[in-house]
Amino acid sequence: MTFTKTKPYVLAATAMAAVLTTPAYAQAAGAEDDGAIVVTARRIEENLQDVPISISVYNQEQLSARNIVSSTDLAAYTPSLSVNGRYGSDKSSFAIRGFSQDLNTLPTVGVYFADAVAPRLSSNITSGNGAGVGSMFDLQNVQVLKGPQGTLFGRNTTGGAILLVPRKPTDSLEGYVEGTIGSHDARRIEAVLNVPLADTFKVRLGIDRNKRDGWLNNKSGIGPDRFADVNYFAARLSIVADLTPDLENYTVVTYSKSDTNGAVPRVAYCNRGTVPGSTGSTSFVRTLLCGQVDRQAARGDGFYDVENSVANPFVKSRQWQAINTTTWKASDTLTVKNIVSYGEAKEAYSFHLNGDFVAFPFVETYPGPSRSQGHQWTFSEELQLQGNSSDGALTWQIGGYMERSSPMGTQEQYTSVWSKCTDLYAFKCITLSPLASSISIARNNYFYRNHGVYAQATYKLTEQFSVTAGIRNTWDWQKVNADNIRIVPSATGPISIRCSRAATPANPNAPAADTSLLTSGACGIGRTFRTKSSDPTWMIDLEYRPVEDIMVYAKYARGYRGGGLNEANVGIESWDPETVDSYELGLKSSFSGAVSGTFNLTGFWNDFKNQQASVFIPQCVPGPANPACTNPAPTGINGIQNVATSRLRGIEADA
């Protein structure tokens with residue numbers, strides 16, 4: 001099953017709302033007068049070519065020229081960056097250099113906006129926990145940092161980090177209005193106004209409204225005609241207050257809301273053969289899927305034609321975040337910075353996971369009658385001390401980080417398996433069989449705590465040689481409260497209602513269809529799981545400049561990703577943290593003359609220990625087709641496990 005995306009063509013027009021001076025514009029784009037690109041990959045402002053990290057950087061002009069409006073779009077142009085966009089761009093999760101995020105695991109790529117980590121969001125389907133819709137406008141730049149960044153950024157950056165740097169308010173009265181039209185009835189308008197209310201108080205306000213029809217054509221006649229559409233509104237308010245010449249307070253408040261049809265995978269193949277031991281529902285479903293493939297072929301369906309079974313599919317999300325950064329230049333050699341953030345993220349979705357339009361769809365998921373699948377708040381606090389020696393040979397920073405995240409109320413998801421429902425919430429469904437079909441109710445609430453302390457320094461041994469070393473220790477704690485119910489539906493209502501983890505209802509004397517379990521919370525009594533982990537991470541890097549415009553570096557870094565929980569994995573509800581040892585050789589070069597530019601080359605080797613991976617081992621069923629199966633386990637294994645060791649190697653080049 002697969003789907004992909006086409007880029008709509010766009011035509012854009014921009015009207016200047018005020019005079020835009022060239023110096024202010026160049027500064028906002030993240031470029032200095034000599035054309036150097038300034039990045040914050042090491043939490044301080046540096047020339048891109050001076051940073052011994054493999055980085056892809058885009059300023060706002062490059063983002064606009066490529067029509068990059070979401071994380072999915074960003075991955076299309078960035079080497080080694082990919083996304084899992086199976087459930088649509090609103091729920092995409094990042095992967096860098098193959099460091100994937102499986103279901104219920106923590107992200108491998110940290111996403112930061114204005115130096116603050118994105119709000120967490122935990123539901124029953126992997127979510128991005130990052131660059132939501134409306135993040136890609138009025139930016140100074142986007143920086144994609146590749147490889148473990150576990151010293152300065154911590155929190156699950158084994159694959160890398162993505163930094164979104166918004167444009168700060170300037171001391172000029174300026175702004176713009178930009179409109180975009182394109183194929184699939186694309187319509188977008190952006191507007192930004194910058195107002196210096198005083199020499200020491202500046203305000204910048206921006207909005208982004210974007211709407212586009214989907215590019216997946218629905219052939220089922222059920223639900224909307226198009227999927228993979230865009231429909232969001234985003235707003236941002238930034239305020240800079242210079243409290244004293246050496247004390248700056250910078251506040252950013254962001255808000256975004258999206259309401260789309262989501263995406264539907266396309267069934268491209270089916271297994272027409274027989275599988276030993278495959279009988280009953282498995283054999284029956286295989287026949288149905290092959291019937292769908294034949295129906296699509298007879299109709300002449302193309303690559304972007306899909307079939308939907310959900311009457312009212314949607315993916316709705318809302319996120320807001322307030323970030324305050326206070327910077328005090330205590331002296332010429334010491335700067336104190338404090339970054340505090342509070343954000344909330346919410347999502348609700350209703351769609352078909354696999355795109356099989358058959359008599360009994362395999363998996364359809366819905367929010368609860370009055371509750372969404374995910375609603376989480378996140379608070380973070382980070383204190384940094386940055387300094388340098390008087391001769392500039394030594395630069396250093398130390399810091400501490402704290403994060404809290406908890407659900408806002410009870411999260412709830414209804415999932416229908418091999419059933420076709422006329423009234424899902426009354427459990428009135430036509431089913432494949434009482435043994436195979438079900439409706440599950442998951443009320444899983446996730447709680448997170450994260451702490452870290454770190455230090456890193458760079459010492460210039462000579463004008464040509466430098467060494468950088470850093471260390472961090474991270475402590476993770478996670479808890480989940482689970483109240484999960486399994487219902488066997490029928491055309492007239494439920495046949496049975498039971499706790500998912502029990503053979504009988506909580507009250508063994510109650511009738512099988514006792515509805516008290518739906519509201520009593522009895523299935524969640526004692527169903528709390530916890531896990532905690534901690535590990536040091538470190539980095540050491542050697543840099544050599546044979547000439548001014550060339551730098552070569554060799555780096556060794558340790559990355560760490562915290563353990564996790566999934567109460568649905570019977571007997572294996574938790575898993576351990578994973579670590580990676582990363583070895584990297586890099587070349588960065590700049591050239592000028594008739595043709596000017598840069599050429600960068602990186603090779604990397606990653607060794608994993610206890611890598612978190614999704615593992616499926618079906619239950620062994622005894623019978624003539626399986627003579628070796630004499631003592632089957634009560635259930636199979638379907639969940640996250642720690643793989644002992646693995647290796648990943650690669651090479652990157654950009655110019």
# chains A, B, ... in the order shown; residues from 1 in each chain; ligands from 1

$ residues_around --residues "Ala116 in chain A" --least-positions-apart "3" --cutoff "10 Å" --atoms "only C-alpha atoms" --output "list in words"
Val111, Tyr112, Phe113, Pro119, Phe153, Leu163, Leu164, Gln321, Ala322, Ile323, Asn324, Thr325, Ile339, Val340, Ser341, Tyr342, Phe379, Ser380, Glu381 and Glu382 of chain A

$ residues_around --residues "Ser80 in chain A" --least-positions-apart "2" --cutoff "12 Å" --atoms "only C-alpha atoms" --output "number ranges by chain"
A: 54-56, 74-78, 82-83, 94-100, 144-147, 159-160, 602-604, 649-654

$ select_by_dssp --residues "range 473-552 of chain A" --states "helix (DSSP H, G or I)" --output "JSON, numbers by chain"
{"A": [517, 518, 519, 520, 522, 523, 524]}

$ closest_atom_pairs --of "range 573-592 of chain A" --to "range 35-51 of chain A" --cutoff "8 Å" --atoms "only C-alpha atoms" --output "JSON lines"
{"residue": "A:Lys588", "atom": "CA", "partner": "A:Gln49", "partner_atom": "CA", "distance": 6.3}
{"residue": "A:Ser589", "atom": "CA", "partner": "A:Gln49", "partner_atom": "CA", "distance": 7.2}
{"residue": "A:Ser590", "atom": "CA", "partner": "A:Gln49", "partner_atom": "CA", "distance": 7.6}

$ write_last_selection --atoms "C-alpha atoms" --output "short mmCIF file (atom, residue, chain, number, x, y, z; two decimals), in the first residue's frame"
data_model
loop_
_atom_site.label_atom_id
_atom_site.label_comp_id
_atom_site.auth_asym_id
_atom_site.auth_seq_id
_atom_site.Cartn_x
_atom_site.Cartn_y
_atom_site.Cartn_z
CA LYS A 588 33.25 21.90 4.02
CA SER A 589 34.54 24.22 1.31
CA SER A 590 33.66 27.61 -0.13
#

$ closest_residue --among "A:Asp476, A:Asp225, A:Glu178, A:Glu364" --to "Gly206 in chain A" --atoms "only C-alpha atoms"
A:Glu178

$ select_by_dssp --residues "range 89-330 of chain A" --states "strand (DSSP E or B)" --output "PDB file with C-alpha atoms, in the first residue's frame"
ATOM      1  CA  SER A  93       6.999  12.305  11.648  1.00  0.00           C
ATOM      2  CA  PHE A  94      10.605  13.013  10.658  1.00  0.00           C
ATOM      3  CA  ALA A  95      13.428  10.556  10.020  1.00  0.00           C
ATOM      4  CA  ILE A  96      17.040  11.552   9.318  1.00  0.00           C
ATOM      5  CA  VAL A 109      14.360  13.985  15.471  1.00  0.00           C
ATOM      6  CA  GLY A 110      13.835  16.934  17.798  1.00  0.00           C
ATOM      7  CA  VAL A 111      11.962  19.900  16.340  1.00  0.00           C
ATOM      8  CA  TYR A 112      12.632  23.345  17.820  1.00  0.00           C
ATOM      9  CA  PHE A 113      10.849  26.630  17.134  1.00  0.00           C
ATOM     10  CA  ALA A 116      12.018  25.796  22.295  1.00  0.00           C
ATOM     11  CA  VAL A 117      11.124  22.164  21.713  1.00  0.00           C
ATOM     12  CA  LEU A 139      11.177  32.518   8.910  1.00  0.00           C
ATOM     13  CA  GLN A 140      14.776  33.614   9.138  1.00  0.00           C
ATOM     14  CA  ASN A 141      15.720  30.077   8.142  1.00  0.00           C
ATOM     15  CA  VAL A 142      15.156  26.356   8.660  1.00  0.00           C
ATOM     16  CA  GLN A 143      18.187  24.312   9.732  1.00  0.00           C
ATOM     17  CA  VAL A 144      18.235  20.526   9.338  1.00  0.00           C
ATOM     18  CA  LEU A 145      20.996  19.115  11.583  1.00  0.00           C
ATOM     19  CA  LYS A 146      21.976  15.548  10.696  1.00  0.00           C
ATOM     20  CA  GLY A 160      19.175  14.878  14.279  1.00  0.00           C
ATOM     21  CA  ALA A 161      17.299  18.095  14.934  1.00  0.00           C
ATOM     22  CA  ILE A 162      15.294  20.592  12.912  1.00  0.00           C
ATOM     23  CA  LEU A 163      15.485  24.237  13.957  1.00  0.00           C
ATOM     24  CA  LEU A 164      12.841  26.695  12.771  1.00  0.00           C
ATOM     25  CA  VAL A 165      14.051  30.238  13.361  1.00  0.00           C
ATOM     26  CA  PRO A 166      11.328  32.910  12.988  1.00  0.00           C
ATOM     27  CA  GLU A 174       7.682  47.236   7.216  1.00  0.00           C
ATOM     28  CA  GLY A 175       5.602  44.306   6.086  1.00  0.00           C
ATOM     29  CA  TYR A 176       4.227  42.403   3.133  1.00  0.00           C
ATOM     30  CA  VAL A 177       1.119  40.736   1.757  1.00  0.00           C
ATOM     31  CA  GLU A 178       1.620  37.727  -0.505  1.00  0.00           C
ATOM     32  CA  GLY A 179      -0.992  35.747  -2.392  1.00  0.00           C
ATOM     33  CA  THR A 180      -0.568  32.381  -4.093  1.00  0.00           C
ATOM     34  CA  ILE A 181      -2.784  30.480  -6.526  1.00  0.00           C
ATOM     35  CA  GLY A 182      -2.104  27.112  -8.093  1.00  0.00           C
ATOM     36  CA  ALA A 186      -4.727  26.181  -4.291  1.00  0.00           C
ATOM     37  CA  ARG A 187      -5.253  29.522  -2.531  1.00  0.00           C
ATOM     38  CA  ARG A 188      -2.856  30.983   0.022  1.00  0.00           C
ATOM     39  CA  ILE A 189      -2.409  34.402   1.570  1.00  0.00           C
ATOM     40  CA  GLU A 190       0.341  35.541   3.931  1.00  0.00           C
ATOM     41  CA  ALA A 191       0.509  38.918   5.625  1.00  0.00           C
ATOM     42  CA  VAL A 192       3.143  40.304   8.002  1.00  0.00           C
ATOM     43  CA  LEU A 193       3.366  43.709   9.680  1.00  0.00           C
ATOM     44  CA  ASN A 194       6.385  44.905  11.677  1.00  0.00           C
ATOM     45  CA  VAL A 195       5.896  47.953  13.917  1.00  0.00           C
ATOM     46  CA  PRO A 196       8.587  49.549  16.130  1.00  0.00           C
ATOM     47  CA  LEU A 197       6.403  51.107  18.825  1.00  0.00           C
ATOM     48  CA  ALA A 198       9.534  52.563  20.442  1.00  0.00           C
ATOM     49  CA  PHE A 201       9.872  47.905  21.953  1.00  0.00           C
ATOM     50  CA  LYS A 202       9.146  46.213  18.596  1.00  0.00           C
ATOM     51  CA  VAL A 203       6.211  44.074  17.480  1.00  0.00           C
ATOM     52  CA  ARG A 204       5.773  41.719  14.513  1.00  0.00           C
ATOM     53  CA  LEU A 205       2.436  40.088  13.597  1.00  0.00           C
ATOM     54  CA  GLY A 206       1.842  37.550  10.834  1.00  0.00           C
ATOM     55  CA  ILE A 207      -0.916  35.306   9.507  1.00  0.00           C
ATOM     56  CA  ASP A 208      -0.942  32.445   7.010  1.00  0.00           C
ATOM     57  CA  ARG A 209      -4.143  31.055   5.467  1.00  0.00           C
ATOM     58  CA  ASN A 210      -3.713  28.131   3.094  1.00  0.00           C
ATOM     59  CA  LYS A 211      -6.308  25.949   1.372  1.00  0.00           C
ATOM     60  CA  ARG A 212      -5.942  23.420  -1.441  1.00  0.00           C
ATOM     61  CA  LEU A 216      -5.956  11.679  -4.256  1.00  0.00           C
ATOM     62  CA  ASN A 217      -9.177  10.839  -6.122  1.00  0.00           C
ATOM     63  CA  ASN A 218     -11.793   8.900  -4.164  1.00  0.00           C
ATOM     64  CA  ARG A 226     -10.562  14.246  -2.772  1.00  0.00           C
ATOM     65  CA  PHE A 227      -8.028  13.359  -0.088  1.00  0.00           C
ATOM     66  CA  VAL A 230      -4.661  21.373   2.799  1.00  0.00           C
ATOM     67  CA  ASN A 231      -6.786  23.620   4.989  1.00  0.00           C
ATOM     68  CA  TYR A 232      -5.159  25.570   7.807  1.00  0.00           C
ATOM     69  CA  PHE A 233      -4.904  28.953   9.490  1.00  0.00           C
ATOM     70  CA  ALA A 234      -1.832  30.081  11.431  1.00  0.00           C
ATOM     71  CA  ALA A 235      -0.942  33.252  13.298  1.00  0.00           C
ATOM     72  CA  ARG A 236       2.189  34.483  15.056  1.00  0.00           C
ATOM     73  CA  LEU A 237       2.928  37.411  17.371  1.00  0.00           C
ATOM     74  CA  SER A 238       6.523  38.377  18.239  1.00  0.00           C
ATOM     75  CA  ILE A 239       7.610  41.061  20.695  1.00  0.00           C
ATOM     76  CA  VAL A 240      11.128  42.283  21.477  1.00  0.00           C
ATOM     77  CA  ALA A 241      11.610  44.496  24.521  1.00  0.00           C
ATOM     78  CA  ASP A 242      15.094  45.890  25.214  1.00  0.00           C
ATOM     79  CA  LEU A 243      14.787  46.318  28.956  1.00  0.00           C
ATOM     80  CA  THR A 244      18.326  47.707  29.205  1.00  0.00           C
ATOM     81  CA  LEU A 247      19.005  42.850  28.691  1.00  0.00           C
ATOM     82  CA  GLU A 248      16.600  41.667  25.961  1.00  0.00           C
ATOM     83  CA  ASN A 249      13.238  39.962  26.404  1.00  0.00           C
ATOM     84  CA  TYR A 250      11.886  38.160  23.316  1.00  0.00           C
ATOM     85  CA  THR A 251       8.401  36.597  23.249  1.00  0.00           C
ATOM     86  CA  VAL A 252       6.833  34.530  20.468  1.00  0.00           C
ATOM     87  CA  VAL A 253       3.249  33.258  20.520  1.00  0.00           C
ATOM     88  CA  THR A 254       2.136  30.885  17.753  1.00  0.00           C
ATOM     89  CA  TYR A 255      -1.259  29.384  16.907  1.00  0.00           C
ATOM     90  CA  SER A 256      -2.349  26.984  14.169  1.00  0.00           C
ATOM     91  CA  LYS A 257      -5.522  25.107  13.308  1.00  0.00           C
ATOM     92  CA  SER A 258      -6.058  22.542  10.559  1.00  0.00           C
ATOM     93  CA  ASP A 259      -9.100  20.629   9.316  1.00  0.00           C
ATOM     94  CA  THR A 260      -8.577  18.262   6.380  1.00  0.00           C
ATOM     95  CA  ARG A 266      -3.911   2.816  -2.131  1.00  0.00           C
ATOM     96  CA  ASP A 305      -6.954   6.867  -7.327  1.00  0.00           C
ATOM     97  CA  VAL A 306      -8.018   5.445  -3.951  1.00  0.00           C
ATOM     98  CA  PHE A 314     -11.118  14.015   8.864  1.00  0.00           C
ATOM     99  CA  VAL A 315      -7.868  14.957  10.546  1.00  0.00           C
ATOM    100  CA  LYS A 316      -8.233  17.968  12.842  1.00  0.00           C
ATOM    101  CA  SER A 317      -5.430  19.537  14.812  1.00  0.00           C
ATOM    102  CA  ARG A 318      -4.879  22.621  16.926  1.00  0.00           C
ATOM    103  CA  GLN A 319      -1.649  23.801  18.509  1.00  0.00           C
ATOM    104  CA  TRP A 320      -0.445  26.901  20.286  1.00  0.00           C
ATOM    105  CA  GLN A 321       2.783  27.749  22.052  1.00  0.00           C
ATOM    106  CA  ALA A 322       4.188  30.728  23.957  1.00  0.00           C
ATOM    107  CA  ILE A 323       7.989  31.054  24.140  1.00  0.00           C
ATOM    108  CA  ASN A 324       9.870  33.635  26.166  1.00  0.00           C
ATOM    109  CA  THR A 325      13.622  34.111  25.862  1.00  0.00           C
ATOM    110  CA  THR A 326      15.502  36.473  28.156  1.00  0.00           C
ATOM    111  CA  THR A 327      19.095  37.250  27.205  1.00  0.00           C
ATOM    112  CA  TRP A 328      21.433  39.125  29.534  1.00  0.00           C
ATOM    113  CA  LYS A 329      24.869  40.104  28.328  1.00  0.00           C
ATOM    114  CA  ALA A 330      26.477  40.162  31.766  1.00  0.00           C
TER     115      ALA A 330
END

$ closest_residue --among "A:Pro224, A:Gly387, A:Gly154, A:Gly355" --to "Pro265 in chain A" --atoms "only C-alpha atoms"
A:Gly355

$ closest_residue --among "A:Gly564, A:Pro313, A:Gly593, A:Gly526" --to "Pro107 in chain A" --atoms "only C-alpha atoms"
A:Gly564

$ closest_residue --among "A:Ala393, A:Leu103, A:Cys499, A:Cys270" --to "Lys460 in chain A" --atoms "only C-alpha atoms"
A:Ala393

$ residues_around --residues "Leu288 in chain A" --least-positions-apart "5" --cutoff "10 Å" --atoms "only C-alpha atoms" --output "list in words"
Cys270, Ser283, Val293, Asp294, Asp356, Phe357, Val358, Ala359, Phe360 and Pro361 of chain A

$ residues_around --residues "Ala655 in chain A" --least-positions-apart "4" --cutoff "7 Å" --atoms "only C-alpha atoms" --output "list in words"
Thr598, Phe599 and Asn600 of chain A

$ closest_residue --among "A:Ser490, A:Thr528, A:Ser520, A:Gln611" --to "Glu573 in chain A" --atoms "only C-alpha atoms"
A:Thr528

$ residues_around --residues "range 538-542 of chain A" --least-positions-apart "2" --cutoff "7 Å" --atoms "only C-alpha atoms" --output "list in words"
Thr151, Ser466, Val467, Thr468, Ala469, Gly470, Ile471, Arg472, Pro536, Tyr544, Tyr553, Ala554, Lys555, Tyr556, Ala557 and Arg558 of chain A

$ closest_residue --among "A:Asn104, A:Asn156, A:Pro511, A:Gln411" --to "Val580 in chain A" --atoms "only C-alpha atoms"
A:Asn156
